[in-house]
file query-v6.txt (compact mmCIF, C-alpha atoms)
# COMPACT_ATOMS: atom_id res chain seq x y z
CA MET A 1 -89.82 108.09 -128.91
CA ARG A 2 -93.23 106.86 -129.98
CA THR A 3 -94.72 109.25 -127.43
CA GLN A 4 -92.98 112.29 -128.91
CA LEU A 5 -93.80 111.30 -132.48
CA LEU A 6 -97.42 110.65 -131.63
CA SER A 7 -97.63 113.96 -129.82
CA TYR A 8 -96.31 115.79 -132.87
CA LEU A 9 -98.59 113.94 -135.27
CA THR A 10 -101.64 114.50 -133.06
CA SER A 11 -100.99 118.25 -133.12
CA ASN A 12 -100.24 118.48 -136.82
CA LEU A 13 -102.30 115.83 -138.56
CA THR A 14 -105.73 117.42 -138.26
CA GLY A 15 -107.27 116.74 -141.68
CA ALA A 16 -109.01 113.60 -142.91
CA ILE A 17 -105.87 111.63 -142.11
CA LYS A 18 -105.26 111.52 -138.36
CA PRO A 19 -103.13 109.54 -135.96
CA SER A 20 -104.56 106.85 -133.73
CA GLN A 21 -103.43 106.46 -130.16
CA GLU A 22 -103.69 102.67 -130.50
CA LEU A 23 -100.95 100.30 -131.47
CA PRO A 24 -101.33 98.53 -134.82
CA PHE A 25 -102.73 95.34 -133.37
CA GLU A 26 -104.57 92.62 -135.24
CA GLN A 27 -108.08 91.43 -134.54
CA GLY A 28 -109.84 88.58 -136.31
CA GLY A 29 -106.83 88.17 -138.59
CA SER A 30 -106.99 91.73 -139.82
CA ALA A 31 -104.73 94.63 -138.80
CA ASN A 32 -106.60 97.62 -137.42
CA TYR A 33 -104.96 100.00 -139.88
CA LEU A 34 -106.66 98.01 -142.67
CA ARG A 35 -110.04 98.27 -141.00
CA ASN A 36 -109.61 101.94 -140.05
CA MET A 37 -108.38 103.66 -143.14
CA ARG A 38 -106.90 107.15 -143.00
CA ARG A 39 -105.59 106.50 -139.49
CA VAL A 40 -101.88 106.56 -138.78
CA TYR A 41 -100.76 103.81 -136.38
CA LEU A 42 -97.38 103.89 -134.68
CA ASP A 43 -95.92 100.64 -133.41
CA GLU A 44 -93.90 100.14 -130.23
CA PRO A 45 -90.25 101.15 -130.68
CA TYR A 46 -87.53 98.55 -130.80
CA THR A 47 -83.79 99.00 -130.66
CA GLU A 48 -80.58 97.41 -131.82
CA GLN A 49 -76.94 98.19 -131.12
CA ASP A 50 -74.07 98.53 -133.58
CA SER A 51 -70.43 99.09 -132.90
CA LEU A 52 -69.06 102.58 -133.62
CA PHE A 53 -65.53 102.10 -132.30
CA ASN A 54 -63.84 99.00 -130.95
CA THR A 55 -60.95 99.57 -128.58
CA LEU A 56 -58.24 97.37 -127.18
CA ASP A 57 -59.35 97.98 -123.60
CA GLU A 58 -62.99 97.06 -124.16
CA LEU A 59 -64.08 100.67 -123.88
CA ASP A 60 -66.19 99.97 -126.91
CA ILE A 61 -68.46 102.72 -128.13
CA ASN A 62 -71.74 101.65 -129.61
CA GLN A 63 -74.63 103.31 -131.31
CA LYS A 64 -78.18 102.46 -130.40
CA ILE A 65 -80.68 102.63 -133.23
CA THR A 66 -84.30 103.03 -132.21
CA TYR A 67 -86.87 102.09 -134.82
CA VAL A 68 -90.47 103.26 -134.77
CA ARG A 69 -92.64 101.78 -137.49
CA GLY A 70 -95.98 103.08 -138.58
CA TYR A 71 -98.84 102.18 -140.90
CA LEU A 72 -101.45 104.04 -142.87
CA ALA A 73 -103.99 102.65 -145.32
CA VAL A 74 -105.87 104.88 -147.76
CA ASP A 75 -108.34 104.37 -150.55
CA ALA A 76 -106.56 103.53 -153.82
CA LYS A 77 -109.49 104.50 -156.04
CA ASN A 78 -110.08 107.98 -154.64
CA ARG A 79 -106.84 109.53 -153.58
CA ASN A 80 -107.18 111.59 -150.42
CA ALA A 81 -106.89 115.32 -151.04
CA ASP A 82 -104.64 115.80 -148.02
CA LEU A 83 -102.51 112.69 -148.53
CA ASP A 84 -99.47 114.64 -149.71
CA ALA A 85 -99.74 117.07 -146.83
CA ALA A 86 -100.07 114.18 -144.38
CA LEU A 87 -96.97 112.48 -145.78
CA THR A 88 -95.08 115.74 -145.49
CA THR A 89 -96.19 116.11 -141.88
CA MET A 90 -95.09 112.55 -141.11
CA SER A 91 -91.73 113.30 -142.68
CA ASN A 92 -91.42 116.53 -140.70
CA ALA A 93 -92.12 114.64 -137.48
CA LEU A 94 -88.68 113.08 -137.85
CA LYS A 95 -86.94 116.33 -136.96
CA GLN A 96 -89.62 118.37 -135.31
CA ALA A 97 -90.84 115.87 -132.74
CA ASN A 98 -89.15 116.65 -129.44
CA ILE A 99 -86.33 114.08 -129.73
CA THR A 100 -83.05 115.83 -129.02
CA ASP A 101 -80.53 113.19 -127.97
CA SER A 102 -79.88 111.53 -131.32
CA PHE A 103 -77.06 112.40 -133.69
CA ARG A 104 -78.70 111.02 -136.82
CA LYS A 105 -82.33 110.71 -137.83
CA GLU A 106 -83.81 108.91 -140.81
CA PHE A 107 -87.30 108.44 -142.21
CA ASP A 108 -88.58 106.50 -145.17
CA TYR A 109 -91.68 104.70 -146.31
CA THR A 110 -92.78 102.10 -148.81
CA THR A 111 -96.15 101.54 -150.41
CA THR A 112 -97.94 98.31 -151.22
CA MET A 113 -101.29 97.66 -152.83
CA ASP A 114 -103.85 95.50 -151.02
CA ASP A 115 -107.13 95.14 -152.93
CA ASP A 116 -108.44 98.68 -153.25
CA ARG A 117 -106.15 100.07 -150.56
CA VAL A 118 -102.70 101.61 -150.64
CA ILE A 119 -100.75 100.78 -147.50
CA TYR A 120 -97.97 103.11 -146.42
CA GLU A 121 -95.44 101.43 -144.14
CA PHE A 122 -93.07 103.99 -142.75
CA GLU A 123 -90.15 103.86 -140.40
CA TYR A 124 -88.37 106.40 -138.19
CA ARG A 125 -84.80 105.64 -137.16
CA TYR A 126 -82.94 107.48 -134.40
CA TYR A 127 -79.23 106.96 -133.75
CA GLN A 128 -77.87 107.60 -130.27
CA LEU A 129 -74.62 106.87 -128.49
CA ALA A 130 -74.91 103.83 -126.27
CA MET B 1 -46.60 78.30 -131.61
CA ALA B 2 -47.68 80.77 -128.95
CA TYR B 3 -49.33 83.99 -130.03
CA ILE B 4 -48.80 87.33 -128.36
CA ASN B 5 -52.20 87.44 -126.76
CA ALA B 6 -54.05 90.72 -126.34
CA THR B 7 -57.54 89.33 -126.05
CA THR B 8 -58.17 88.66 -122.38
CA GLN B 9 -58.71 91.25 -119.67
CA LYS B 10 -55.30 90.79 -118.09
CA ASN B 11 -53.59 90.85 -121.48
CA ARG B 12 -55.01 94.15 -122.72
CA VAL B 13 -52.48 96.38 -124.43
CA LYS B 14 -51.25 99.10 -122.09
CA LEU B 15 -49.63 102.38 -123.11
CA VAL B 16 -48.44 104.44 -120.17
CA ILE B 17 -46.89 107.89 -120.53
CA ILE B 18 -45.02 110.11 -118.07
CA THR B 19 -42.87 113.18 -118.57
CA LYS B 20 -39.17 112.45 -118.95
CA ASP B 21 -38.49 114.77 -116.02
CA ASP B 22 -40.44 112.38 -113.77
CA MET B 23 -38.11 109.45 -114.48
CA ALA B 24 -36.08 108.41 -111.46
CA GLY B 25 -32.93 107.78 -113.50
CA ALA B 26 -31.47 108.43 -116.89
CA THR B 27 -33.39 105.63 -118.60
CA PRO B 28 -36.98 104.57 -117.98
CA VAL B 29 -37.71 101.63 -115.70
CA GLN B 30 -41.01 99.95 -114.96
CA THR B 31 -41.31 101.52 -111.50
CA ASP B 32 -41.35 104.97 -113.11
CA PHE B 33 -44.79 104.00 -114.44
CA TYR B 34 -46.33 101.62 -111.90
CA SER B 35 -45.51 100.21 -108.51
CA ALA B 36 -47.45 96.97 -108.93
CA THR B 37 -49.71 95.11 -111.33
CA ASN B 38 -52.55 92.70 -110.81
CA ASN B 39 -51.83 89.34 -112.43
CA THR B 40 -55.54 88.45 -112.45
CA THR B 41 -57.07 91.60 -113.90
CA GLY B 42 -54.06 93.26 -115.49
CA ALA B 43 -54.84 96.48 -113.60
CA LEU B 44 -51.89 98.75 -112.91
CA THR B 45 -51.16 100.50 -109.63
CA LEU B 46 -49.79 103.67 -111.16
CA ASN B 47 -46.83 105.53 -109.73
CA THR B 48 -48.30 108.27 -107.52
CA THR B 49 -45.31 110.57 -107.93
CA SER B 50 -44.97 110.59 -111.71
CA ASP B 51 -48.79 110.58 -112.21
CA PRO B 52 -48.79 108.70 -115.55
CA ILE B 53 -51.42 108.73 -118.25
CA GLU B 54 -52.63 105.20 -118.90
CA LEU B 55 -54.01 105.92 -122.34
CA SER B 56 -57.51 104.55 -122.64
CA GLY B 57 -59.55 103.90 -125.77
CA LEU B 58 -56.66 102.66 -127.89
CA GLN B 59 -57.97 101.29 -131.17
CA ASP B 60 -54.69 100.08 -132.62
CA VAL B 61 -50.99 100.39 -131.92
CA THR B 62 -47.97 99.91 -134.16
CA ILE B 63 -44.45 99.56 -132.80
CA ASN B 64 -42.08 100.82 -135.47
CA ASN B 65 -38.41 99.85 -135.42
CA SER B 66 -37.18 100.71 -138.89
CA ASN B 67 -33.45 100.33 -139.34
CA GLY B 68 -31.69 102.26 -142.04
CA SER B 69 -29.29 100.43 -144.34
CA PHE B 70 -26.02 101.07 -146.13
CA ARG B 71 -25.19 98.96 -149.19
CA TRP B 72 -22.03 98.57 -151.15
CA LYS B 73 -20.73 96.43 -154.01
CA THR B 74 -17.45 94.61 -154.28
CA LEU B 75 -15.83 93.15 -157.36
CA ASP B 76 -15.48 89.69 -155.81
CA SER B 77 -19.19 89.25 -155.07
CA SER B 78 -22.22 89.08 -157.29
CA GLY B 79 -24.51 90.40 -154.55
CA GLU B 80 -24.47 93.67 -152.67
CA SER B 81 -23.25 93.78 -149.10
CA VAL B 82 -25.34 95.57 -146.50
CA ILE B 83 -25.20 96.81 -142.96
CA THR B 84 -28.03 98.29 -140.99
CA THR B 85 -27.66 101.77 -139.62
CA ASN B 86 -29.50 103.96 -137.14
CA ALA B 87 -33.14 103.03 -136.65
CA THR B 88 -36.14 105.29 -136.85
CA ASN B 89 -38.23 104.24 -133.87
CA SER B 90 -41.77 105.32 -133.19
CA LEU B 91 -45.01 104.18 -131.65
CA SER B 92 -48.15 105.02 -133.54
CA GLY B 93 -51.81 104.30 -133.14
CA ASN B 94 -55.30 105.69 -132.88
CA PHE B 95 -57.39 106.31 -129.81
CA VAL B 96 -60.85 107.43 -128.81
CA ILE B 97 -60.30 110.63 -126.87
CA ASP B 98 -60.93 110.52 -123.13
CA VAL B 99 -61.45 113.99 -121.68
CA THR B 100 -58.99 113.59 -118.80
CA ASP B 101 -56.33 111.81 -120.84
CA PHE B 102 -56.49 114.50 -123.49
CA TRP B 103 -56.96 117.76 -121.60
CA GLY B 104 -55.34 116.77 -118.32
CA ASN B 105 -56.39 116.46 -114.71
CA ALA B 106 -56.20 119.73 -112.79
CA SER B 107 -55.83 117.95 -109.45
CA ALA B 108 -52.76 115.91 -110.46
CA GLY B 109 -49.23 116.90 -109.46
CA ALA B 110 -47.74 119.92 -111.19
CA GLY B 111 -45.66 119.18 -114.26
CA THR B 112 -46.81 115.57 -114.50
CA ALA B 113 -48.25 113.91 -117.58
CA GLU B 114 -51.64 113.41 -115.96
CA LYS B 115 -51.81 117.10 -115.06
CA ASP B 116 -50.93 118.30 -118.57
CA GLY B 117 -52.76 115.76 -120.71
CA ILE B 118 -51.83 114.46 -124.14
CA PHE B 119 -52.59 117.66 -126.03
CA LYS B 120 -50.45 119.93 -123.85
CA LEU B 121 -47.59 117.42 -123.83
CA SER B 122 -47.66 117.55 -127.62
CA ASN B 123 -48.23 121.27 -127.96
CA ASP B 124 -45.46 122.12 -125.50
CA ARG B 125 -43.14 119.54 -127.09
CA THR B 126 -42.51 118.02 -123.68
CA GLU B 127 -40.20 115.02 -123.79
CA VAL B 128 -42.05 112.00 -122.43
CA ALA B 129 -41.18 108.49 -121.36
CA PHE B 130 -43.48 105.66 -122.35
CA LEU B 131 -44.08 102.03 -121.56
CA ILE B 132 -45.91 99.79 -124.00
CA ALA B 133 -47.13 96.40 -122.82
CA PRO B 134 -48.21 94.47 -125.94
CA SER B 135 -49.90 91.69 -123.97
CA GLY B 136 -50.55 93.30 -120.61
CA ALA B 137 -48.20 94.25 -117.78
CA ILE B 138 -48.50 91.04 -115.81
CA ASP B 139 -45.76 88.78 -114.56
CA GLY B 140 -43.92 87.02 -117.36
CA GLU B 141 -45.07 89.36 -120.14
CA TYR B 142 -42.75 91.71 -121.98
CA VAL B 143 -42.77 95.49 -122.08
CA LEU B 144 -40.87 98.08 -124.09
CA MET B 145 -39.96 101.52 -122.82
CA GLY B 146 -38.33 104.60 -124.21
CA THR B 147 -38.38 108.36 -124.36
CA GLY B 148 -39.62 110.61 -127.12
CA PHE B 149 -42.06 113.24 -128.22
CA ILE B 150 -45.76 113.09 -128.92
CA SER B 151 -46.77 114.11 -132.44
CA ALA B 152 -49.30 113.54 -135.19
CA LEU B 153 -52.33 114.39 -133.09
CA ALA B 154 -55.24 115.08 -135.40
CA PRO B 155 -58.48 114.87 -133.44
CA THR B 156 -61.44 114.38 -135.68
CA VAL B 157 -65.17 113.89 -135.42
CA SER B 158 -67.85 113.32 -138.01
CA ALA B 159 -71.61 113.31 -138.20
CA ASP B 160 -71.69 109.55 -138.60
CA SER B 161 -69.27 108.93 -135.72
CA PRO B 162 -69.88 111.73 -133.24
CA VAL B 163 -67.08 110.80 -130.84
CA TRP B 164 -63.66 112.39 -131.12
CA VAL B 165 -60.84 110.09 -132.21
CA SER B 166 -57.23 110.92 -132.97
CA PRO B 167 -54.07 109.33 -134.28
CA ILE B 168 -51.05 109.60 -132.03
CA THR B 169 -47.37 109.00 -132.64
CA ILE B 170 -44.57 108.94 -130.12
CA GLU B 171 -41.36 109.73 -131.99
CA VAL B 172 -38.84 107.69 -130.02
CA ASN B 173 -35.63 109.43 -129.03
CA GLY B 174 -32.92 106.79 -129.48
CA ASP B 175 -33.42 103.09 -128.86
CA TYR B 176 -36.22 101.24 -127.16
CA VAL B 177 -35.40 100.10 -123.64
CA GLY B 178 -36.12 96.42 -123.31
CA PRO B 179 -37.80 94.10 -123.90
CA GLU B 180 -38.13 93.67 -120.16
CA VAL B 181 -40.09 91.00 -118.37
CA VAL B 182 -42.66 92.21 -115.85
CA THR B 183 -41.97 91.08 -112.30
CA LEU B 184 -44.07 93.52 -110.29
CA GLY B 185 -47.27 91.50 -110.47
CA ALA B 186 -49.13 90.07 -107.53

call {"tool": "encode", "arguments": {"input": "query-v6.txt", "output": "structure tokens"}}
result
Amino acid sequence: MRTQLLSYLTSNLTGAIKPSQELPFEQGGSANYLRNMRRVYLDEPYTEQDSLFNTLDELDINQKITYVRGYLAVDAKNRNADLDAALTTMSNALKQANITDSFRKEFDYTTTMDDDRVIYEFEYRYYQLA
Amino acid sequence: MAYINATTQKNRVKLVIITKDDMAGATPVQTDFYSATNNTTGALTLNTTSDPIELSGLQDVTINNSNGSFRWKTLDSSGESVITTNATNSLSGNFVIDVTDFWGNASAGAGTAEKDGIFKLSNDRTEVAFLIAPSGAIDGEYVLMGTGFISALAPTVSADSPVWVSPITIEVNGDYVGPEVVTLGA
């Protein structure tokens, strides 16, 4: 799912804020999204399973939730002109990225302040039958 | 105290349905539904003539045996007298719909439960015979049988739970047959 999201973001985030093909790794104690501002980093997906229906014959039906987290740091003092458009594009990626086998999709983000940077931590969640 | 155990593989609850026309006699017997059972796994060797539906995906089952009552008062007693009358018997539950169980199996014998599927049996108001094994159909466990009609189907699906589930009730015609102890295991 990271591949499809990244593909969509690469095609649609073409302003000052762009996606990076790299994972959000750390180097020298500092995350790369803090060093490279205005770059969107998508992390490796991870999954968890929840029960949808339990049955008496162990034909249990589960849902698999795939999480893809991402990070973006921008200047807090001078707000990027295309920040709103970039956030809209990242939100649109939820439904418009080519991910067709999920029955529920969710996206949200939180912001935190780190010195003179605003860090957007966002998360895509895809629900599939497992 | 010994619980009725439905937790292990061999003790899984079994609900098996055939058409009443496929019963060998006037009342249902275990061999109408299966010819043998596996005491280790609980698997049933289903009767190949009556082609039963072994309903899969059961979420819960309730065995209803609700007697009516008639009460009367007498002048020589401070409490009412009572006698129970005819019972309303039914089996009810919910199940996750399996395509073959619900719509039928085209390659099964004509007029059998497996051929018609749960929906057609209900829609056509076909009288069925059933066997319920509360703790598996293995040697020494008890089963109940009976005849009746399938009703209360209400298949439903939602965006949050995109798998079809349905309640089901078998309105029992008369009394339950049993409890009978399973002896066909091996």

call {"tool": "interface_residues", "arguments": {"input": "query-v6.txt", "of": "chain B", "to": "chain A", "cutoff": "10 Å", "atoms": "all atoms listed in the file", "output": "list of chain:residue names"}}
result
B:Ala6, B:Thr7, B:Thr8, B:Gln9, B:Lys10, B:Asn11, B:Arg12, B:Val13, B:Lys14, B:Leu55, B:Ser56, B:Gly57, B:Leu58, B:Gln59, B:Asp60, B:Val61, B:Asn94, B:Phe95, B:Val96, B:Ala159, B:Asp160, B:Ser161, B:Pro162, B:Val163, B:Val165

call {"tool": "closest_residue", "arguments": {"input": "query-v6.txt", "among": "A:Arg69, A:Lys105, A:Lys95, A:Lys64", "to": "Val40 of chain A", "atoms": "all atoms listed in the file"}}
result
A:Arg69

call {"tool": "atom_distance", "arguments": {"input": "query-v6.txt", "atom1": "atom CA of Tyr124 of chain A", "atom2": "atom CA of Gln27 of chain A"}}
result
25.0 Å

call {"tool": "atom_distance", "arguments": {"input": "query-v6.txt", "atom1": "atom CA of Val182 of chain B", "atom2": "atom CA of Ser135 of chain B"}}
result
10.9 Å

call {"tool": "closest_residue", "arguments": {"input": "query-v6.txt", "among": "B:Asp116, B:Asp98, B:Glu141, B:Asp76", "to": "Ile18 of chain B", "atoms": "only C-alpha atoms"}}
result
B:Asp116

call {"tool": "atom_distance", "arguments": {"input": "query-v6.txt", "atom1": "atom CA of Glu44 of chain A", "atom2": "atom CA of Ala85 of chain A"}}
result
24.4 Å
